[in-house]
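Enquirer: So that we are looking at the same thing, I have put the structure below in structure tokens.
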Amino acid sequence: MPSIRYAFQRVILAIPVLFGVSVLTFMMLHLVPGDPVAAMFVGQGGGAKEAQMEKVREQLGLNDPLPVQYINYVRNVLQGDFGRSIRTNEPVSTMITRNLPPTLQLTLASMCLAIVLGVTLGVIAAVKRGTIVDNATMMVALAGVSMPSFWLGLLLISVFAIRLDWFPIIGGTGLRGLVLPAFSLGFAAAAIIARMVRSSLLEVLGENYIVTARAKGLVERRVIVRHALRNAAIPVLTIVGLQFGGLLAGAVIVESVFSRQGIGRMLVSSLQSRDFPVAQGGVLFVAAVYVLVNLLVDLLYGVVDPRIAVEH
Amino acid sequence: MKQEPVNSVDVLIDGYQSGMISRRRIMALAAKMPALAAALAAGTQLNSAGAAGIGSAVRSLTRAQDTTQGGSLTMAYATTVGDTLNQHRSNYTVSRMIARHVLECLTWVNPADGSVNPWLAESWTISEDGLVYTFKLKQGVMFHDGTPFNAAAVKANFESSMNPDERPGFAYQALGGSSFTSVEAVDDSTVTVTFSAPHAAFLLYLSDGGTGIDSPTALEADGADYGTTALVGSGPYIFKEWIADDHVTLEKNPDYTGGPATFGFTGPTPLDTLIFRDVPEATNRAQAVVNNEIQIARIIEPNVPEVDGQEGVTVIATPKAGSCRMYLMNSTKAPLDDINVRKAINMAIDKVTMLTLPGWAGFGRPGIAPLPSNMVPNGDLSSIAQYDIAFDIDAANALLDEGGWVLNGDVREKDGVKLIFDMLTTQTDVDSGQIEPIDGFLREAGMQLAIKAGDSNFWIDGFQAGDYHMTLMSDSGYIGVGIVEEFFRAGEPFATTGLDNAEVNDLIDKAVAATTLEELWANLMPAMGLIMQEVVGVMAWEQDYLDAASTKIQGLAYNEVGFPWFYGTSLSS
């Protein structure tokens with residue numbers, strides 16, 4: 001089947017992408033200043049000796065030449081061993097497995113919020129084109145793309161958690177603890193989706209088949225939802241796929257601001273402490289997820305518009 | 001009858017010590033009253049009741065056996081377990097402090113007087129040469145997994161800490177480092193530890209969570225995962241789980257009968273659950289206490305205005321165990337290779353006024369020596385206080401004039417060299433407001449800072465390489481000699497001020513090798529005096545740890561390192 005062949009080709013193409021990501025990540029981690037061993041000992045009341053620190057560097061393989069370190073890493077990864085955290089000695093794979101569900105929860109919640117809010121605002125703006133409603137919704141969208149997620153998060157905490165006490169300040173569990181982080185993360189994506197839906201929908205609403213549908217006497221809601229929106233969906237799907245990667249990246253900041261467990265916080269901690277195995281494993285994982293999501297988006301094109309599947 | 005005039009300075013200090021006047025208020029007053037400032041600078045002893053400031057009520061050390069039972073208490077730190085809960089491998093202070101709720105230690109240091117008291121070791125003897133310690137162990141103690149505590153358990157623990165094939169933790173240095181020779185289980189209740197050189201601070205180190213005793217069964221069974229998925233001790237709390245960078249959960253040990261005999265509380269701890277949470281943002285930690293999401297949080301000085309005066313919340317100040325916060329200077333890097341420039345920097349910084357600024361919020365005390373007053377016997381630094389360089393902006397300007405440093409615009413220069421100093425720091429310290437005010441002080445004498453801020457790795461890298469003129473530095477820990485050695489003994493990895501004074505090195509070496517604490521201080525105090533005379537830093541302030549705490553917390557105790565120990569703590573309704 002064309003779709004299966006297409007999917008297989010895309011998976012094969014992902015391998016050099018992931019290889020490139022691992023090389024770049026490795027180089028960047030080792031080129032920035034920071035001795036993870038010194039970071040373990042300074043300011044911790046241990047009175048560490050140089051011999052102690054050197055022993056730890058030796059045990060961690062940090063004295064090996066960089067190419068040797070990278071080859072050892074790749075060899076282990078191909079055997080399913082992503083190494084152990086320099087800091088905690090925990091297997092990296094265990095850390096990723098543990099931190100994935102909360103990040104997925106946050107990312108999916110943000111994505112759902114972004115799609116619902118974005119599509120709603122975009123449709124309203126397109127249908128009410130040129131009116132004050134259109135202007136107002138686009139102002140909201142402009143605010144969304146302008147506000148950094150960490151700033152929005154701190155603002156939401158200040159107003160809704162601290163002053164109004166409607167939501168927990170620090171990473172609460174359950175739905176109540178998810179609202180503010182999801183909104184912080186998803187609002188910018190909602191704004192971008194809204195703008196894309198509006199412009200895409202406006203283009204479609206001018207097509208002849210829409211005129212025909214109206215002429216046939218269909219109610220406006222059916223015209224919009226069944227005919228216009230579906231045809232406007234292709235570019236929107238692309239944006240949604242790209243936004244998912246952005247949401248994963250944004251989770252890094254939002255999880256730290258809201259003290260939520262997740263891949264993002266794991267990555268921030270690992271970078272701060274120069275915990276190379278965790279940082280490399282985390283970045284590689286996020287890259288793999290991004291590649292997979294983009295593949296799914298491509299396959300969804302074929303569902304939304306069967307002509308694309310035939311072309312593939 | 002003629003009355004003696006009331007000495008207003010004495011009245012103010014009495015008021016502070018009785019808790020009537022807050023720390024912030026006393027520091028603000030000192031900025032306007034030279035006599036009060038002089039009394040504070042001379043190291044007037046502010047006792048622990050006064051040190052509690054506006055939190056003294058919560059810091060009651062009374063332990064009643066029928067305190068309120070049950071409840072869950074959550075404490076937030078920026079980072080709880082920075083590396084591992086396996087104390088044989090950990091180098092992280094907070095990790096050790098948390099572990100000491102699950103593990104018991106051989107000794108217990110009473111923070112009130114610094115005395116070493118029995119805990120799992122009921123008694124001990126030390127050989128005359130200070131090389132052999134013999135401990136008689138408490139009987140009938142069981143680890144949480146049912147393994148009996150005995151001499152073999154102590155031996156297994158110490159050998160794990162000293163295992164040359166494993167990553168060394170804090171425990172490695174605590175147990176003497178390279179001078180540790182052996183540990184033997186003489187019988188079930190007797191263990192001997194032998195050193196090749198005296199280790200005078202050994203008994204003090206044995207009170208630290210880093211040398212707590214784990215179940216040898218669990219140590220062996222869990223292998224590399226011990227400290228991640230398991231932590232088994234004999235203490236008042238049982239380990240439930242640790243999620244890295246998120247939280248540690250401990251549960252009450254209902255069978256606990258232990259506790260140091262002199263601690264004043266025995267039996268199971270009142271709380272059902274104790275949770276330590278990682279909350280990197282300091283403001284979030286403080287506000288979470290105000291909003292009653294958590295009960296206590298370690299905060300920083302800029303957070304104090306957010307919690308001060310909030311209903312149901314108090315701020316507890318505990319003198320930090322460790323070094324003073326010091327603006328260290330690299331004396332090998334021009335123009336700081338001129339001792340008069342370093343002296344002028346000291347003269348230009350008004351430590352008393354500094355403490356009234358938002359970055360300090362009125363907490364802490366002006367520093368004198370590398371170690372603060374709470375770290376020296378009887379809090380007495382008088383023998384070396386004379387070497388502290390007092391604030392005198394006119395003298396600073398005069399000294400620089402004499403040295404030929406001429407004002408050119410805003411900054412002095414000589415032979416093309418300007419008195420602009422690279423201040424290597426972290427962005428966190430800049431944001432906390434403890435860096436830029438120093439630039440303000442220096443500008444009064446025609447000097448300036450060029451602030452170079454980055455993350456902690458940038459800072460540590462630069463510090464180790466000596467790539468700085470000045471940097472804000474300190475270390476935490478109860479054993480002062482190790483801290484002084486760390487920063488001022490030439491050849492140590494973090495001694496980067498360029499100080500290489502043979503007499504200082506000799507005195508520090510003798511302090512490290514001392515057989516008794518008396519001998520230790522007989523060498524360490526004059527070593528600090530010489531360090532002060534070399535002027536390789538500004539011993540800026542004696543820091544307090546600050547905790548925002550709910551007033552519902554009862555029976556809160558602090559250990560000798562300045563961290564809460566929640567044994568005997570309860571929550572009132």
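Order determines the names: the first chain of the structure tokens is A, the second B, and so forth; residues in each chain are numbered 1 upward, and ligands are numbered 1 upward as they are shown.
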Tell me as number ranges by chain which residues belonging to chain A come within 8 Å of chain B, counting only C-alpha atoms.
Expert: A: 33-36, 38-50, 52, 55-56, 59, 87-90, 162, 165, 168-170, 256-257, 259-261, 265-266, 269, 272-274
Enquirer: Quick one: everything within 9 Å of stretch 110-126 of chain A, counting only C-alpha atoms, minus sequence neighbours fewer than 5 positions away in the same chain. Send it as a PDB file with C-alpha atoms, in the first residue's frame.
Expert:
```pdb
ATOM      1  CA  GLN A 105      -0.243  14.983  29.618  1.00  0.00           C
ATOM      2  CA  THR A 131     -16.261  43.309  12.012  1.00  0.00           C
ATOM      3  CA  VAL A 133     -15.443  40.616  16.453  1.00  0.00           C
ATOM      4  CA  ASP A 134     -12.839  39.794  13.812  1.00  0.00           C
ATOM      5  CA  ASN A 135     -10.543  42.562  15.076  1.00  0.00           C
ATOM      6  CA  ALA A 136     -10.968  41.536  18.695  1.00  0.00           C
ATOM      7  CA  THR A 137     -10.182  37.880  18.079  1.00  0.00           C
ATOM      8  CA  MET A 138      -7.109  38.776  16.057  1.00  0.00           C
ATOM      9  CA  VAL A 140      -6.205  38.151  21.222  1.00  0.00           C
ATOM     10  CA  ALA A 141      -4.212  36.084  18.735  1.00  0.00           C
ATOM     11  CA  VAL A 179      -5.108  24.273  33.778  1.00  0.00           C
ATOM     12  CA  PRO A 181       0.410  25.190  32.749  1.00  0.00           C
ATOM     13  CA  ALA A 182      -1.648  24.017  29.771  1.00  0.00           C
ATOM     14  CA  PHE A 183      -2.933  27.520  29.137  1.00  0.00           C
ATOM     15  CA  SER A 184       0.564  29.039  29.412  1.00  0.00           C
ATOM     16  CA  LEU A 185       1.894  26.536  26.953  1.00  0.00           C
ATOM     17  CA  GLY A 186      -1.050  26.326  24.590  1.00  0.00           C
ATOM     18  CA  PHE A 187      -2.051  29.959  24.264  1.00  0.00           C
ATOM     19  CA  ALA A 188       0.667  30.888  21.789  1.00  0.00           C
ATOM     20  CA  ALA A 189      -0.101  27.819  19.686  1.00  0.00           C
ATOM     21  CA  ALA A 190      -3.822  28.683  19.824  1.00  0.00           C
ATOM     22  CA  ALA A 191      -3.008  32.151  18.515  1.00  0.00           C
ATOM     23  CA  ILE A 192      -1.028  30.803  15.576  1.00  0.00           C
ATOM     24  CA  ILE A 193      -3.718  28.235  14.765  1.00  0.00           C
ATOM     25  CA  ALA A 194      -6.399  30.927  14.965  1.00  0.00           C
ATOM     26  CA  ARG A 195      -4.597  33.113  12.462  1.00  0.00           C
ATOM     27  CA  MET A 196      -3.966  30.189  10.116  1.00  0.00           C
ATOM     28  CA  VAL A 197      -7.575  28.963  10.358  1.00  0.00           C
ATOM     29  CA  ARG A 198      -8.864  32.444   9.615  1.00  0.00           C
ATOM     30  CA  SER A 199      -6.742  32.995   6.545  1.00  0.00           C
ATOM     31  CA  SER A 200      -7.211  29.456   5.243  1.00  0.00           C
ATOM     32  CA  LEU A 201     -10.941  29.573   5.805  1.00  0.00           C
ATOM     33  CA  LEU A 202     -11.278  32.938   4.098  1.00  0.00           C
ATOM     34  CA  LEU A 205     -15.038  30.532   1.600  1.00  0.00           C
ATOM     35  CA  ILE A 224     -18.592  26.020   7.342  1.00  0.00           C
ATOM     36  CA  LEU A 229     -13.318  23.722   7.330  1.00  0.00           C
ATOM     37  CA  VAL A 240      -0.575  21.809  14.277  1.00  0.00           C
ATOM     38  CA  GLN A 243       3.244  23.418  16.938  1.00  0.00           C
ATOM     39  CA  PHE A 244       3.457  20.053  18.643  1.00  0.00           C
ATOM     40  CA  LEU A 247       4.868  22.640  22.629  1.00  0.00           C
TER      41      LEU A 247
END
```
Enquirer: Work out how far atom CA of B:Leu103 is from atom CA of B:Asn150, in Å to one decimal.
Expert: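 Atom CA of B:Asn150 sits 14.2 Å away from atom CA of B:Leu103.
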Enquirer: I'd like the contact shell of stretch 104-120 of chain B - 7 Å cut-off, only C-alpha atoms, skipping same-chain residues fewer than 6 positions apart - returned as number ranges by chain.
Expert: B: 137-138, 203-204, 206-207, 209, 211-213, 233-235, 259-261, 559-560
Enquirer: Write the selection just made, keeping N, CA and C atoms, as a PDB file, in the first residue's frame?
Expert:
```pdb
ATOM      1  N   LEU B 137      28.212   0.203  70.759  1.00  0.00           N
ATOM      2  CA  LEU B 137      26.994   0.491  70.008  1.00  0.00           C
ATOM      3  C   LEU B 137      25.731   0.162  70.807  1.00  0.00           C
ATOM      4  N   LYS B 138      24.678   0.880  70.466  1.00  0.00           N
ATOM      5  CA  LYS B 138      23.378   0.670  71.092  1.00  0.00           C
ATOM      6  C   LYS B 138      22.846  -0.704  70.687  1.00  0.00           C
ATOM      7  N   LEU B 203      34.272  12.786  65.278  1.00  0.00           N
ATOM      8  CA  LEU B 203      33.012  12.601  66.006  1.00  0.00           C
ATOM      9  C   LEU B 203      31.951  13.600  65.557  1.00  0.00           C
ATOM     10  N   LEU B 204      32.382  14.812  65.152  1.00  0.00           N
ATOM     11  CA  LEU B 204      31.424  15.802  64.643  1.00  0.00           C
ATOM     12  C   LEU B 204      30.834  15.319  63.314  1.00  0.00           C
ATOM     13  N   LEU B 206      30.381  12.370  62.393  1.00  0.00           N
ATOM     14  CA  LEU B 206      29.509  11.201  62.544  1.00  0.00           C
ATOM     15  C   LEU B 206      28.074  11.584  62.878  1.00  0.00           C
ATOM     16  N   SER B 207      27.812  12.867  63.106  1.00  0.00           N
ATOM     17  CA  SER B 207      26.452  13.336  63.363  1.00  0.00           C
ATOM     18  C   SER B 207      25.742  13.733  62.065  1.00  0.00           C
ATOM     19  N   GLY B 209      24.114  13.516  58.311  1.00  0.00           N
ATOM     20  CA  GLY B 209      23.366  12.531  57.535  1.00  0.00           C
ATOM     21  C   GLY B 209      24.235  11.806  56.522  1.00  0.00           C
ATOM     22  N   THR B 211      27.008  10.490  56.991  1.00  0.00           N
ATOM     23  CA  THR B 211      27.634   9.301  57.593  1.00  0.00           C
ATOM     24  C   THR B 211      26.594   8.479  58.331  1.00  0.00           C
ATOM     25  N   GLY B 212      25.320   8.683  57.999  1.00  0.00           N
ATOM     26  CA  GLY B 212      24.266   7.875  58.589  1.00  0.00           C
ATOM     27  C   GLY B 212      24.434   6.406  58.238  1.00  0.00           C
ATOM     28  N   ILE B 213      23.839   5.536  59.033  1.00  0.00           N
ATOM     29  CA  ILE B 213      24.053   4.098  58.879  1.00  0.00           C
ATOM     30  C   ILE B 213      22.873   3.468  58.136  1.00  0.00           C
ATOM     31  N   GLY B 233      17.106   2.755  56.623  1.00  0.00           N
ATOM     32  CA  GLY B 233      17.829   3.080  57.846  1.00  0.00           C
ATOM     33  C   GLY B 233      17.075   2.551  59.035  1.00  0.00           C
ATOM     34  N   SER B 234      17.297   3.182  60.183  1.00  0.00           N
ATOM     35  CA  SER B 234      16.603   2.781  61.405  1.00  0.00           C
ATOM     36  C   SER B 234      15.926   3.990  62.036  1.00  0.00           C
ATOM     37  N   GLY B 235      15.752   5.042  61.257  1.00  0.00           N
ATOM     38  CA  GLY B 235      15.332   6.326  61.788  1.00  0.00           C
ATOM     39  C   GLY B 235      13.834   6.501  61.970  1.00  0.00           C
ATOM     40  N   GLY B 259      16.198   7.918  68.816  1.00  0.00           N
ATOM     41  CA  GLY B 259      16.432   9.337  69.009  1.00  0.00           C
ATOM     42  C   GLY B 259      17.582   9.532  69.969  1.00  0.00           C
ATOM     43  N   PRO B 260      18.379  10.582  69.771  1.00  0.00           N
ATOM     44  CA  PRO B 260      19.469  10.836  70.714  1.00  0.00           C
ATOM     45  C   PRO B 260      18.895  11.053  72.108  1.00  0.00           C
ATOM     46  N   ALA B 261      19.533  10.483  73.099  1.00  0.00           N
ATOM     47  CA  ALA B 261      19.009  10.538  74.456  1.00  0.00           C
ATOM     48  C   ALA B 261      18.852  11.971  74.946  1.00  0.00           C
ATOM     49  N   ASN B 559      19.138  21.267  62.866  1.00  0.00           N
ATOM     50  CA  ASN B 559      20.380  20.539  63.165  1.00  0.00           C
ATOM     51  C   ASN B 559      21.566  21.504  63.154  1.00  0.00           C
ATOM     52  N   GLU B 560      22.736  20.950  63.375  1.00  0.00           N
ATOM     53  CA  GLU B 560      23.910  21.808  63.536  1.00  0.00           C
ATOM     54  C   GLU B 560      24.327  22.472  62.216  1.00  0.00           C
TER      55      GLU B 560
END
```
Enquirer: Among the residues of stretch 69-274 of chain B, find those DSSP assigns to alpha helix (DSSP H) from the backbone and print them as JSON, numbers by chain.
Expert: {"B": [93, 94, 95, 96, 97, 98, 99, 151, 152, 153, 154, 155, 156, 157, 158, 159, 160, 161, 170, 171, 172, 173, 174, 202, 203, 204, 205, 216, 217, 218, 219, 220, 221, 222]}
Enquirer: Put those residues in a file: N, CA and C atoms, as an mmCIF file, in the first residue's frame.
Expert:
```
data_model
loop_
_atom_site.group_PDB
_atom_site.id
_atom_site.type_symbol
_atom_site.label_atom_id
_atom_site.label_comp_id
_atom_site.auth_asym_id
_atom_site.auth_seq_id
_atom_site.Cartn_x
_atom_site.Cartn_y
_atom_site.Cartn_z
ATOM 1 N N THR B 93 24.425 18.687 50.001
ATOM 2 C CA THR B 93 24.067 18.974 51.389
ATOM 3 C C THR B 93 22.609 18.631 51.698
ATOM 4 N N VAL B 94 21.665 19.098 50.886
ATOM 5 C CA VAL B 94 20.252 18.875 51.192
ATOM 6 C C VAL B 94 19.927 17.383 51.177
ATOM 7 N N SER B 95 20.574 16.655 50.298
ATOM 8 C CA SER B 95 20.377 15.206 50.253
ATOM 9 C C SER B 95 20.733 14.587 51.602
ATOM 10 N N ARG B 96 21.841 15.033 52.195
ATOM 11 C CA ARG B 96 22.258 14.492 53.489
ATOM 12 C C ARG B 96 21.257 14.865 54.579
ATOM 13 N N MET B 97 20.739 16.089 54.480
ATOM 14 C CA MET B 97 19.809 16.554 55.503
ATOM 15 C C MET B 97 18.496 15.769 55.446
ATOM 16 N N ILE B 98 18.087 15.401 54.239
ATOM 17 C CA ILE B 98 16.869 14.606 54.089
ATOM 18 C C ILE B 98 17.113 13.181 54.553
ATOM 19 N N ALA B 99 18.274 12.638 54.163
ATOM 20 C CA ALA B 99 18.585 11.249 54.518
ATOM 21 C C ALA B 99 18.597 11.054 56.027
ATOM 22 N N ALA B 151 27.820 -4.036 64.907
ATOM 23 C CA ALA B 151 29.139 -3.595 64.470
ATOM 24 C C ALA B 151 29.397 -3.957 63.007
ATOM 25 N N ALA B 152 28.883 -5.087 62.597
ATOM 26 C CA ALA B 152 29.071 -5.499 61.194
ATOM 27 C C ALA B 152 28.391 -4.507 60.249
ATOM 28 N N ALA B 153 27.256 -3.976 60.675
ATOM 29 C CA ALA B 153 26.539 -2.990 59.854
ATOM 30 C C ALA B 153 27.362 -1.708 59.718
ATOM 31 N N VAL B 154 27.960 -1.279 60.824
ATOM 32 C CA VAL B 154 28.794 -0.070 60.788
ATOM 33 C C VAL B 154 29.992 -0.304 59.863
ATOM 34 N N LYS B 155 30.592 -1.477 60.009
ATOM 35 C CA LYS B 155 31.749 -1.817 59.178
ATOM 36 C C LYS B 155 31.365 -1.800 57.700
ATOM 37 N N ALA B 156 30.228 -2.403 57.364
ATOM 38 C CA ALA B 156 29.787 -2.442 55.964
ATOM 39 C C ALA B 156 29.567 -1.026 55.421
ATOM 40 N N ASN B 157 28.999 -0.176 56.248
ATOM 41 C CA ASN B 157 28.739 1.200 55.813
ATOM 42 C C ASN B 157 30.030 1.974 55.566
ATOM 43 N N PHE B 158 30.939 1.912 56.533
ATOM 44 C CA PHE B 158 32.176 2.680 56.378
ATOM 45 C C PHE B 158 32.990 2.161 55.190
ATOM 46 N N GLU B 159 32.986 0.855 55.024
ATOM 47 C CA GLU B 159 33.744 0.303 53.898
ATOM 48 C C GLU B 159 33.110 0.686 52.565
ATOM 49 N N SER B 160 31.798 0.800 52.547
ATOM 50 C CA SER B 160 31.138 1.255 51.322
ATOM 51 C C SER B 160 31.539 2.687 50.984
ATOM 52 N N SER B 161 31.577 3.529 52.021
ATOM 53 C CA SER B 161 31.961 4.930 51.806
ATOM 54 C C SER B 161 33.384 5.057 51.306
ATOM 55 N N PHE B 170 30.575 12.826 50.129
ATOM 56 C CA PHE B 170 30.926 13.617 51.312
ATOM 57 C C PHE B 170 31.488 12.693 52.382
ATOM 58 N N ALA B 171 30.921 11.505 52.505
ATOM 59 C CA ALA B 171 31.308 10.566 53.553
ATOM 60 C C ALA B 171 32.787 10.208 53.479
ATOM 61 N N TYR B 172 33.340 10.208 52.275
ATOM 62 C CA TYR B 172 34.752 9.849 52.114
ATOM 63 C C TYR B 172 35.639 10.806 52.910
ATOM 64 N N GLN B 173 35.402 12.107 52.728
ATOM 65 C CA GLN B 173 36.186 13.081 53.486
ATOM 66 C C GLN B 173 35.802 13.043 54.967
ATOM 67 N N ALA B 174 34.506 12.834 55.251
ATOM 68 C CA ALA B 174 34.045 12.815 56.638
ATOM 69 C C ALA B 174 34.719 11.702 57.439
ATOM 70 N N PHE B 202 36.346 13.950 63.633
ATOM 71 C CA PHE B 202 35.648 12.709 63.262
ATOM 72 C C PHE B 202 34.293 12.567 63.950
ATOM 73 N N LEU B 203 34.272 12.786 65.278
ATOM 74 C CA LEU B 203 33.012 12.601 66.006
ATOM 75 C C LEU B 203 31.951 13.600 65.557
ATOM 76 N N LEU B 204 32.382 14.812 65.152
ATOM 77 C CA LEU B 204 31.424 15.802 64.643
ATOM 78 C C LEU B 204 30.834 15.319 63.314
ATOM 79 N N TYR B 205 31.686 14.795 62.457
ATOM 80 C CA TYR B 205 31.225 14.307 61.161
ATOM 81 C C TYR B 205 30.229 13.157 61.302
ATOM 82 N N PRO B 216 22.876 -2.856 55.873
ATOM 83 C CA PRO B 216 23.825 -3.504 54.956
ATOM 84 C C PRO B 216 23.134 -4.471 54.001
ATOM 85 N N THR B 217 22.016 -5.021 54.446
ATOM 86 C CA THR B 217 21.259 -5.925 53.568
ATOM 87 C C THR B 217 20.762 -5.162 52.352
ATOM 88 N N ALA B 218 20.198 -3.997 52.590
ATOM 89 C CA ALA B 218 19.667 -3.191 51.484
ATOM 90 C C ALA B 218 20.784 -2.663 50.610
ATOM 91 N N LEU B 219 21.895 -2.279 51.219
ATOM 92 C CA LEU B 219 23.048 -1.779 50.444
ATOM 93 C C LEU B 219 23.487 -2.819 49.422
ATOM 94 N N GLU B 220 23.541 -4.064 49.881
ATOM 95 C CA GLU B 220 24.015 -5.120 48.983
ATOM 96 C C GLU B 220 22.930 -5.503 47.983
ATOM 97 N N ALA B 221 21.692 -5.606 48.456
ATOM 98 C CA ALA B 221 20.616 -6.098 47.585
ATOM 99 C C ALA B 221 20.329 -5.130 46.444
ATOM 100 N N ASP B 222 20.332 -3.831 46.728
ATOM 101 C CA ASP B 222 19.927 -2.870 45.699
ATOM 102 C C ASP B 222 21.069 -2.387 44.834
#
```
Enquirer: List the neighbours of B:Tyr545 out to 9 Å using only C-alpha atoms; skip same-chain residues closer than 4 positions along the sequence, and give me the result as a ChimeraX atom specification.
Expert: /B:298-300,316-320,364,562-563
Enquirer: Please report the interatomic distance between atom CA of B:Ala344 and atom CA of B:Gly498 in Å with one decimal.
Expert: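 Straight-line distance from atom CA of B:Ala344 to atom CA of B:Gly498 works out to 18.4 Å.
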Enquirer: Counting only C-alpha atoms, which of B:Asp338, B:Asp394, B:Asp188, B:Glu519 gets nearest to B:Pro148?
Expert: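 Distance minimum relative to B:Pro148 lands on B:Asp188.
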Enquirer: Given the choices B:Asp467, B:Asp208, B:Glu503, B:Asp422, which gets closest to B:Pro526 if the distance is worked out from only C-alpha atoms?
Expert: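 When distances to B:Pro526 are compared using only C-alpha atoms, the smallest one comes from B:Glu503.
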Enquirer: Do a neighbour search on B:Gly130 at 8 Å with only C-alpha atoms, toss out local chain neighbours closer than 5 positions, and write the hits as a list in words.
Expert: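 With the cut-off at 8 Å, the set is Ala197, Pro198, His199, Ala200, Thr515 and Thr516 of chain B.
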